file input_28.tsv (TSV, C-alpha atoms and all ligand atoms)
chain	number	residue	atom	x	y	z
H	1	MET	CA	-66.54	-55.21	7.43
H	2	PRO	CA	-63.16	-55.38	9.25
H	3	LEU	CA	-60.15	-56.27	7.19
H	4	LYS	CA	-56.92	-57.74	8.43
H	5	HIS	CA	-53.63	-58.20	6.71
H	6	ILE	CA	-52.03	-61.46	7.79
H	7	ASP	CA	-48.47	-62.53	7.16
H	8	ALA	CA	-48.21	-66.30	6.66
H	9	LYS	CA	-44.79	-66.18	8.29
H	10	ASP	CA	-46.36	-65.26	11.63
H	11	VAL	CA	-49.27	-67.69	11.87
H	12	VAL	CA	-49.71	-70.92	13.76
H	13	LEU	CA	-52.70	-72.97	12.64
H	14	GLU	CA	-54.15	-75.95	14.42
H	15	LEU	CA	-55.57	-78.70	12.26
H	16	GLY	CA	-58.91	-80.35	12.88
H	17	ARG	CA	-60.69	-77.30	14.24
H	18	LYS	CA	-63.80	-75.70	12.90
H	19	ARG	CA	-62.75	-72.16	12.15
H	20	ASN	CA	-59.30	-71.70	13.63
H	21	SER	CA	-59.80	-69.06	16.30
H	22	GLU	CA	-57.13	-66.95	14.70
H	23	PHE	CA	-58.93	-67.23	11.40
H	24	ASN	CA	-62.54	-66.58	12.15
H	25	TYR	CA	-63.05	-64.72	8.91
H	26	ASP	CA	-65.69	-64.85	6.22
H	27	ALA	CA	-63.08	-65.01	3.50
H	28	VAL	CA	-59.35	-64.99	3.01
H	29	LEU	CA	-57.80	-63.52	-0.11
H	30	MET	CA	-54.64	-65.58	-0.49
H	31	ARG	CA	-51.80	-63.44	-1.79
H	32	CYS	CA	-48.79	-65.37	-0.52
H	33	ILE	CA	-45.79	-64.91	-2.80
H	34	SER	CA	-44.40	-68.26	-1.74
H	35	PHE	CA	-46.35	-70.90	-3.64
H	36	TYR	CA	-45.88	-73.67	-1.11
H	37	ARG	CA	-46.75	-71.49	1.88
H	38	GLY	CA	-49.87	-70.22	0.17
H	39	LEU	CA	-50.96	-73.64	-1.03
H	40	HIS	CA	-50.58	-75.34	2.33
H	41	MET	CA	-52.13	-72.49	4.23
H	42	THR	CA	-55.08	-72.61	1.83
H	43	ALA	CA	-55.45	-76.34	2.51
H	44	VAL	CA	-55.57	-75.80	6.27
H	45	LEU	CA	-57.98	-72.88	6.08
H	46	GLU	CA	-60.33	-74.62	3.66
H	47	GLY	CA	-60.15	-77.68	5.90
H	48	SER	CA	-61.41	-75.61	8.80
H	49	GLY	CA	-64.27	-74.15	6.80
H	50	VAL	CA	-62.85	-70.78	5.77
H	51	ARG	CA	-63.53	-69.65	2.22
H	52	VAL	CA	-60.22	-68.99	0.50
H	53	ILE	CA	-59.86	-67.16	-2.79
H	54	ASN	CA	-58.48	-68.76	-4.95
H	55	SER	CA	-59.41	-72.24	-3.80
H	56	PHE	CA	-56.98	-75.05	-3.05
H	57	PHE	CA	-57.96	-76.71	-6.34
H	58	THR	CA	-57.17	-73.60	-8.34
H	59	SER	CA	-53.91	-72.90	-6.50
H	60	ASN	CA	-52.71	-76.47	-6.83
H	61	THR	CA	-53.57	-76.58	-10.53
H	62	CYS	CA	-52.16	-73.17	-11.44
H	63	GLY	CA	-49.05	-73.52	-9.30
H	64	ASN	CA	-47.93	-76.56	-11.26
H	65	LYS	CA	-47.35	-76.09	-14.98
H	66	LEU	CA	-48.01	-79.73	-15.77
H	67	LEU	CA	-51.34	-79.82	-13.93
H	68	SER	CA	-52.28	-76.51	-15.58
H	69	SER	CA	-51.49	-77.79	-19.05
H	70	VAL	CA	-53.56	-80.92	-18.40
H	71	ALA	CA	-56.53	-78.82	-17.24
H	72	LEU	CA	-56.23	-76.45	-20.21
H	73	GLU	CA	-55.96	-79.27	-22.75
H	74	ARG	CA	-58.89	-81.06	-21.19
H	75	HIS	CA	-61.05	-77.94	-21.50
H	76	GLY	CA	-60.08	-77.32	-25.09
H	77	VAL	CA	-57.86	-74.28	-24.46
H	78	LYS	CA	-55.04	-74.14	-27.01
H	79	THR	CA	-51.60	-74.34	-25.36
H	80	PRO	CA	-48.04	-74.74	-26.68
H	81	ARG	CA	-47.10	-78.30	-27.60
H	82	THR	CA	-45.75	-79.87	-24.40
H	83	LEU	CA	-44.03	-83.18	-23.68
H	84	VAL	CA	-43.31	-84.71	-20.29
H	85	ALA	CA	-40.60	-87.20	-19.37
H	86	PHE	CA	-39.14	-88.54	-16.16
H	87	THR	CA	-35.50	-89.25	-16.91
H	88	PRO	CA	-32.84	-87.17	-18.66
H	89	ALA	CA	-32.56	-89.79	-21.42
H	90	ALA	CA	-36.31	-89.74	-22.09
H	91	ALA	CA	-36.33	-85.95	-21.81
H	92	THR	CA	-33.59	-85.75	-24.47
H	93	ARG	CA	-35.81	-87.83	-26.73
H	94	ALA	CA	-38.66	-85.41	-25.99
H	95	ALA	CA	-36.44	-82.44	-26.92
H	96	ASN	CA	-35.43	-84.18	-30.15
H	97	THR	CA	-39.09	-84.72	-30.94
H	98	LEU	CA	-39.93	-81.05	-30.33
H	99	GLY	CA	-36.90	-79.82	-32.26
H	100	TYR	CA	-34.48	-77.08	-31.16
H	101	PRO	CA	-34.68	-74.71	-29.48
H	102	ALA	CA	-37.02	-76.42	-27.03
H	103	ILE	CA	-37.89	-74.98	-23.65
H	104	LEU	CA	-37.42	-76.78	-20.35
H	105	LYS	CA	-39.52	-75.46	-17.47
H	106	PRO	CA	-39.68	-76.51	-13.85
H	107	VAL	CA	-43.24	-77.64	-13.13
H	108	VAL	CA	-43.28	-75.32	-10.11
H	109	GLY	CA	-41.69	-71.92	-10.50
H	110	SER	CA	-42.36	-68.33	-11.45
H	111	TRP	CA	-40.78	-65.10	-12.64
H	112	GLY	CA	-39.12	-67.07	-15.41
H	113	ARG	CA	-36.72	-68.76	-13.01
H	114	LEU	CA	-34.95	-71.96	-14.11
H	115	ILE	CA	-36.62	-71.87	-17.51
H	116	ALA	CA	-33.96	-73.01	-19.95
H	117	PRO	CA	-33.92	-72.83	-23.71
H	118	LEU	CA	-32.35	-76.05	-25.00
H	119	LYS	CA	-30.44	-74.97	-28.10
H	120	ASP	CA	-29.25	-78.37	-29.34
H	121	GLU	CA	-28.95	-81.97	-28.19
H	122	ASP	CA	-25.60	-81.45	-26.41
H	123	THR	CA	-26.91	-78.50	-24.41
H	124	ALA	CA	-30.10	-80.41	-23.67
H	125	GLU	CA	-28.17	-83.36	-22.26
H	126	ALA	CA	-25.99	-81.08	-20.09
H	127	ILE	CA	-28.90	-79.09	-18.67
H	128	LEU	CA	-31.04	-82.18	-18.13
H	129	GLU	CA	-28.16	-83.87	-16.30
H	130	ASP	CA	-27.85	-80.80	-14.06
H	131	ARG	CA	-31.41	-81.32	-12.92
H	132	THR	CA	-30.60	-84.78	-11.56
H	133	TYR	CA	-28.68	-83.02	-8.78
H	134	MET	CA	-31.77	-81.07	-7.85
H	135	TYR	CA	-34.87	-81.83	-5.83
H	136	PRO	CA	-37.04	-84.59	-7.46
H	137	LEU	CA	-39.69	-82.07	-8.50
H	138	TYR	CA	-37.13	-80.64	-10.95
H	139	GLN	CA	-36.78	-84.08	-12.46
H	140	VAL	CA	-40.31	-84.02	-13.77
H	141	PHE	CA	-39.16	-82.81	-17.16
H	142	TYR	CA	-41.68	-80.48	-18.76
H	143	LEU	CA	-40.58	-79.57	-22.26
H	144	GLN	CA	-42.29	-77.20	-24.58
H	145	GLU	CA	-41.96	-76.17	-28.20
H	146	TYR	CA	-40.46	-72.70	-28.60
H	147	VAL	CA	-43.41	-70.63	-29.78
H	148	ASN	CA	-42.62	-68.41	-32.72
H	149	ARG	CA	-44.16	-65.12	-31.59
H	150	PRO	CA	-43.53	-61.38	-31.41
H	151	PRO	CA	-41.26	-60.41	-28.45
H	152	ARG	CA	-44.22	-60.04	-26.16
H	153	ASP	CA	-47.06	-61.95	-24.54
H	154	ILE	CA	-50.50	-61.01	-23.24
H	155	ARG	CA	-51.60	-61.03	-19.60
H	156	CYS	CA	-55.36	-60.86	-19.14
H	157	VAL	CA	-56.71	-60.49	-15.61
H	158	VAL	CA	-59.98	-62.40	-15.23
H	159	ILE	CA	-62.19	-61.90	-12.19
H	160	ASP	CA	-65.31	-63.99	-11.71
H	161	GLY	CA	-65.26	-65.14	-15.33
H	162	ARG	CA	-64.91	-61.60	-16.73
H	163	PRO	CA	-61.76	-60.06	-18.19
H	164	VAL	CA	-61.10	-56.76	-16.41
H	165	ALA	CA	-57.83	-55.68	-18.03
H	166	ALA	CA	-55.16	-56.90	-20.41
H	167	ILE	CA	-51.61	-55.83	-21.18
H	168	TYR	CA	-48.89	-56.75	-23.61
H	169	ARG	CA	-45.67	-57.58	-21.79
H	170	TYR	CA	-42.48	-56.96	-23.73
H	171	ALA	CA	-39.25	-58.81	-23.04
H	172	PRO	CA	-36.43	-56.59	-21.73
H	173	PRO	CA	-33.58	-55.99	-24.23
H	174	GLY	CA	-31.52	-59.11	-24.81
H	175	GLU	CA	-34.09	-61.36	-23.09
H	176	TRP	CA	-36.68	-63.65	-24.60
H	177	LYS	CA	-38.81	-64.03	-21.45
H	178	THR	CA	-41.40	-61.33	-20.94
H	179	ASN	CA	-41.80	-61.49	-17.14
H	180	VAL	CA	-42.24	-58.07	-15.54
H	181	ALA	CA	-40.17	-59.43	-12.63
H	182	ILE	CA	-37.08	-59.53	-14.89
H	183	GLY	CA	-37.62	-56.05	-16.25
H	184	GLY	CA	-40.27	-56.65	-18.94
H	185	THR	CA	-42.27	-53.56	-19.88
H	186	SER	CA	-45.98	-53.32	-20.57
H	187	GLU	CA	-48.51	-51.64	-22.84
H	188	PRO	CA	-52.30	-51.74	-22.76
H	189	CYS	CA	-53.89	-54.49	-24.82
H	190	LYS	CA	-57.45	-54.29	-26.11
H	191	VAL	CA	-59.51	-57.23	-24.89
H	192	THR	CA	-60.74	-58.51	-28.25
H	193	SER	CA	-63.57	-61.03	-28.33
H	194	GLU	CA	-60.99	-63.73	-29.09
H	195	ILE	CA	-58.83	-62.81	-26.08
H	196	GLU	CA	-61.95	-62.67	-23.93
H	197	LYS	CA	-63.16	-66.09	-25.06
H	198	ILE	CA	-59.80	-67.76	-24.47
H	199	ALA	CA	-59.12	-66.02	-21.13
H	200	VAL	CA	-62.55	-66.91	-19.76
H	201	LYS	CA	-62.25	-70.51	-20.92
H	202	ALA	CA	-58.78	-70.80	-19.35
H	203	SER	CA	-60.03	-69.32	-16.09
H	204	LYS	CA	-62.91	-71.83	-16.02
H	205	ALA	CA	-60.55	-74.71	-16.80
H	206	VAL	CA	-58.81	-74.12	-13.46
H	207	LYS	CA	-62.01	-73.01	-11.65
H	208	GLY	CA	-60.29	-69.68	-11.12
H	209	GLU	CA	-61.95	-66.76	-9.35
H	210	ILE	CA	-59.18	-64.16	-9.66
H	211	VAL	CA	-56.54	-65.19	-12.17
H	212	GLY	CA	-54.04	-63.82	-14.67
H	213	VAL	CA	-54.19	-65.69	-17.97
H	214	ASP	CA	-50.97	-65.47	-20.01
H	215	MET	CA	-51.00	-66.12	-23.73
H	216	MET	CA	-48.63	-65.90	-26.66
H	217	GLU	CA	-49.42	-64.89	-30.20
H	218	SER	CA	-48.08	-67.85	-32.14
H	219	GLU	CA	-47.46	-67.02	-35.79
H	220	GLU	CA	-48.63	-70.49	-36.82
H	221	ASP	CA	-51.26	-71.40	-34.23
H	222	GLY	CA	-52.81	-68.12	-33.05
H	223	LEU	CA	-53.29	-67.42	-29.34
H	224	LEU	CA	-51.85	-70.09	-27.06
H	225	VAL	CA	-52.25	-70.01	-23.27
H	226	HIS	CA	-49.01	-70.89	-21.51
H	227	GLU	CA	-49.90	-70.09	-17.94
H	228	VAL	CA	-52.73	-69.21	-15.55
H	229	ASN	CA	-51.60	-67.39	-12.40
H	230	HIS	CA	-53.58	-67.89	-9.20
H	231	THR	CA	-51.94	-65.11	-7.18
H	232	THR	CA	-51.64	-62.91	-10.20
H	233	GLU	CA	-49.49	-59.83	-9.97
H	234	PHE	CA	-51.44	-56.90	-11.32
H	235	ARG	CA	-49.43	-53.72	-10.66
H	236	ALA	CA	-48.31	-53.49	-14.29
H	237	ALA	CA	-51.81	-54.29	-15.58
H	238	ALA	CA	-53.42	-51.69	-13.28
H	239	THR	CA	-50.97	-48.84	-13.94
H	240	THR	CA	-50.81	-49.52	-17.67
H	241	THR	CA	-54.56	-49.72	-18.26
H	242	GLY	CA	-55.82	-47.42	-15.50
H	243	VAL	CA	-58.25	-50.14	-14.35
H	244	ASN	CA	-58.49	-50.29	-10.57
H	245	ILE	CA	-57.90	-54.03	-10.33
H	246	ALA	CA	-57.55	-53.99	-6.54
H	247	GLU	CA	-61.04	-52.50	-6.30
H	248	GLU	CA	-62.42	-55.09	-8.73
H	249	ILE	CA	-60.95	-57.83	-6.54
H	250	VAL	CA	-62.48	-56.42	-3.36
H	251	LYS	CA	-65.85	-55.95	-5.05
H	252	TYR	CA	-65.78	-59.55	-6.22
H	253	ILE	CA	-65.06	-60.85	-2.73
H	254	PHE	CA	-68.04	-58.96	-1.30
H	255	ARG	CA	-70.25	-60.10	-4.16
H	256	SER	CA	-69.27	-63.70	-3.70
H	257	LEU	CA	-69.92	-63.57	0.05
H	258	LYS	CA	-73.48	-62.40	-0.55
H	259	LYS	CA	-74.27	-65.39	-2.78
H	301	LIG	N1	-43.13	-72.14	-25.17
H	301	LIG	C1	-42.64	-70.90	-25.16
H	301	LIG	N2	-42.17	-70.30	-26.29
H	301	LIG	C2	-41.65	-69.05	-26.26
H	301	LIG	N3	-41.58	-68.30	-25.15
H	301	LIG	C3	-42.04	-68.82	-24.00
H	301	LIG	C4	-42.60	-70.14	-23.94
H	301	LIG	N4	-42.99	-70.39	-22.69
H	301	LIG	C5	-42.70	-69.30	-21.97
H	301	LIG	N5	-42.12	-68.35	-22.74
H	301	LIG	C6	-41.68	-67.03	-22.26
H	301	LIG	O1	-41.10	-67.20	-20.98
H	301	LIG	C7	-41.87	-66.50	-19.98
H	301	LIG	C8	-41.95	-67.33	-18.71
H	301	LIG	O2	-42.64	-68.54	-18.94
H	301	LIG	P1	-43.85	-69.02	-18.03
H	301	LIG	O3	-44.31	-70.34	-18.54
H	301	LIG	O4	-44.87	-67.94	-17.95
H	301	LIG	O5	-43.15	-69.24	-16.61
H	301	LIG	P2	-43.16	-68.39	-15.26
H	301	LIG	O6	-44.17	-69.05	-14.39
H	301	LIG	O7	-41.80	-68.52	-14.69
H	301	LIG	O8	-43.57	-66.97	-15.59
H	301	LIG	C9	-43.22	-66.26	-20.64
H	301	LIG	O9	-43.83	-65.11	-20.09
H	301	LIG	C10	-42.85	-66.08	-22.10
H	301	LIG	O10	-42.40	-64.77	-22.36
H	302	MG	MG	-45.33	-66.48	-16.53

call {"tool": "encode", "arguments": {"input": "input_28.tsv", "output": "structure tokens"}}
result
Amino acid sequence: MPLKHIDAKDVVLELGRKRNSEFNYDAVLMRCISFYRGLHMTAVLEGSGVRVINSFFTSNTCGNKLLSSVALERHGVKTPRTLVAFTPAAATRAANTLGYPAILKPVVGSWGRLIAPLKDEDTAEAILEDRTYMYPLYQVFYLQEYVNRPPRDIRCVVIDGRPVAAIYRYAPPGEWKTNVAIGGTSEPCKVTSEIEKIAVKASKAVKGEIVGVDMMESEEDGLLVHEVNHTTEFRAAATTTGVNIAEEIVKYIFRSLKK
């Protein structure tokens, strides 16, 4: 089967056509790094009858932390305690309710960017005020309890409802965020039956086909899922565990096309 690598930056898509001539493919594996590009391109392709992996629903849900948390809660997946508010004053109340430090996250964002630990009420007010000078999306205030955990989290790659590999991600020295993009390091993690159960449930909650489920080991509450990634990065997971994740992805696409 022919395979083509397409750069979203080069395409022109016409709406309202069955199978855009440029996109007469059986399936598209969406790997856009830009969330908005990927999401909107997925919408257009699905609209013209192309099967996109992951789907628009999954991308839209995973790409927005608030929508993800709602989906996870609804499906009984344990997540960190999260409060939402729509003005700085209400968000300060939310931070006071959570206690300090609390964590403020943009609802759309990745690689740990713009995630701010709110150390006390004064800092909270200053950072929340800052956000009022930003795009309205940043004024949907998503605040989370700071989870008391070891300096690492777990990324479990789930394909077609099956965990294929998991790693611990360690925060770089002097950092509390564990993102590989900011220099976090990784170690293999055994997929225990508990990790498997939670990762599969989280993947189903967002109707994910190929996802990276991130969880933290809370000292009080056990494993808590804080994020499900729909264009999951897997270089660290593949090199650390030796699992050929790229091959697993390709095999899944072929399998799903035969169904
Ligand atoms: N509630 C929390 N308590 C403690 N650490 C957190 C919490 N939420 C996120 N982190 C840390 O910050 C990192 C980035 O947060 P995450 O929600 O995954 O955002 P991003 O999409 O930017 O990766 C996580 O990988 C984790 O190490
Ligand atoms: Mg993350």

call {"tool": "residues_near_ligand", "arguments": {"input": "input_28.tsv", "ligand": "ligand MG 302 (chain H)", "cutoff": "8 Å", "atoms": "all atoms listed in the file", "output": "list in words"}}
result
Ser110, Trp111, Gly112, Thr178, Asn179, Asp214, His226, Glu227, Val228 and Asn229 of chain H

call {"tool": "residues_around", "arguments": {"input": "input_28.tsv", "residues": "region 232-235 of chain H", "least_positions_apart": "4", "cutoff": "8 Å", "atoms": "only C-alpha atoms", "output": "list in words"}}
result
Val157, Ile210, Val211, Gly212, Thr239 and Ile245 of chain H

call {"tool": "residues_near_point", "arguments": {"input": "input_28.tsv", "point": "(-57.0, -58.7, -25.2)", "cutoff": "12 Å", "atoms": "only C-alpha atoms", "output": "MDAnalysis selection string"}}
result
chainID H and resid 153:158 162:169 187:200 213:217 223 237 241

call {"tool": "axis_aligned_box", "arguments": {"input": "input_28.tsv", "around": "ligand LIG 301 (chain H)", "padding_each_side": "5 Å", "output": "JSON"}}
result
{"center_x": -43.0, "center_y": -68.5, "center_z": -20.3, "size_x": 13.8, "size_y": 17.4, "size_z": 21.9}

call {"tool": "residues_around", "arguments": {"input": "input_28.tsv", "residues": "region 82-93 of chain H", "least_positions_apart": "3", "cutoff": "7 Å", "atoms": "all atoms listed in the file", "output": "PyMOL selection string"}}
result
chain H and resi 96-97+124-125+128-129+139-145

call {"tool": "atom_distance", "arguments": {"input": "input_28.tsv", "atom1": "CA of Ile115 (chain H)", "atom2": "CA of Glu209 (chain H)"}}
result
27.1 Å

call {"tool": "atom_distance", "arguments": {"input": "input_28.tsv", "atom1": "CA of Leu257 (chain H)", "atom2": "CA of His75 (chain H)"}}
result
27.4 Å

call {"tool": "closest_residue", "arguments": {"input": "input_28.tsv", "among": "H:Lys4, H:Arg255, H:Lys177, H:Arg81", "to": "ligand LIG 301 (chain H)", "atoms": "only C-alpha atoms and all ligand atoms"}}
result
H:Lys177

call {"tool": "atom_distance", "arguments": {"input": "input_28.tsv", "atom1": "CA of Val107 (chain H)", "atom2": "CA of His5 (chain H)"}}
result
29.7 Å

call {"tool": "closest_residue", "arguments": {"input": "input_28.tsv", "among": "H:Gly242, H:Val108, H:Ile127, H:Lys78", "to": "Ser218 (chain H)", "atoms": "all atoms listed in the file"}}
result
H:Lys78

call {"tool": "closest_residue", "arguments": {"input": "input_28.tsv", "among": "H:Val12, H:Ala27, H:Leu114, H:Lys119", "to": "Ile253 (chain H)", "atoms": "all atoms listed in the file"}}
result
H:Ala27

call {"tool": "closest_residue", "arguments": {"input": "input_28.tsv", "among": "H:Met41, H:Leu13, H:Leu72, H:Leu224", "to": "ligand LIG 301 (chain H)", "atoms": "only C-alpha atoms and all ligand atoms"}}
result
H:Leu224

call {"tool": "closest_residue", "arguments": {"input": "input_28.tsv", "among": "H:Ala236, H:Leu66, H:Ala205, H:Leu39", "to": "ligand LIG 301 (chain H)", "atoms": "only C-alpha atoms and all ligand atoms"}}
result
H:Leu66

call {"tool": "closest_residue", "arguments": {"input": "input_28.tsv", "among": "H:Leu104, H:Val11, H:Leu67, H:Ile159", "to": "Arg37 (chain H)", "atoms": "all atoms listed in the file"}}
result
H:Val11
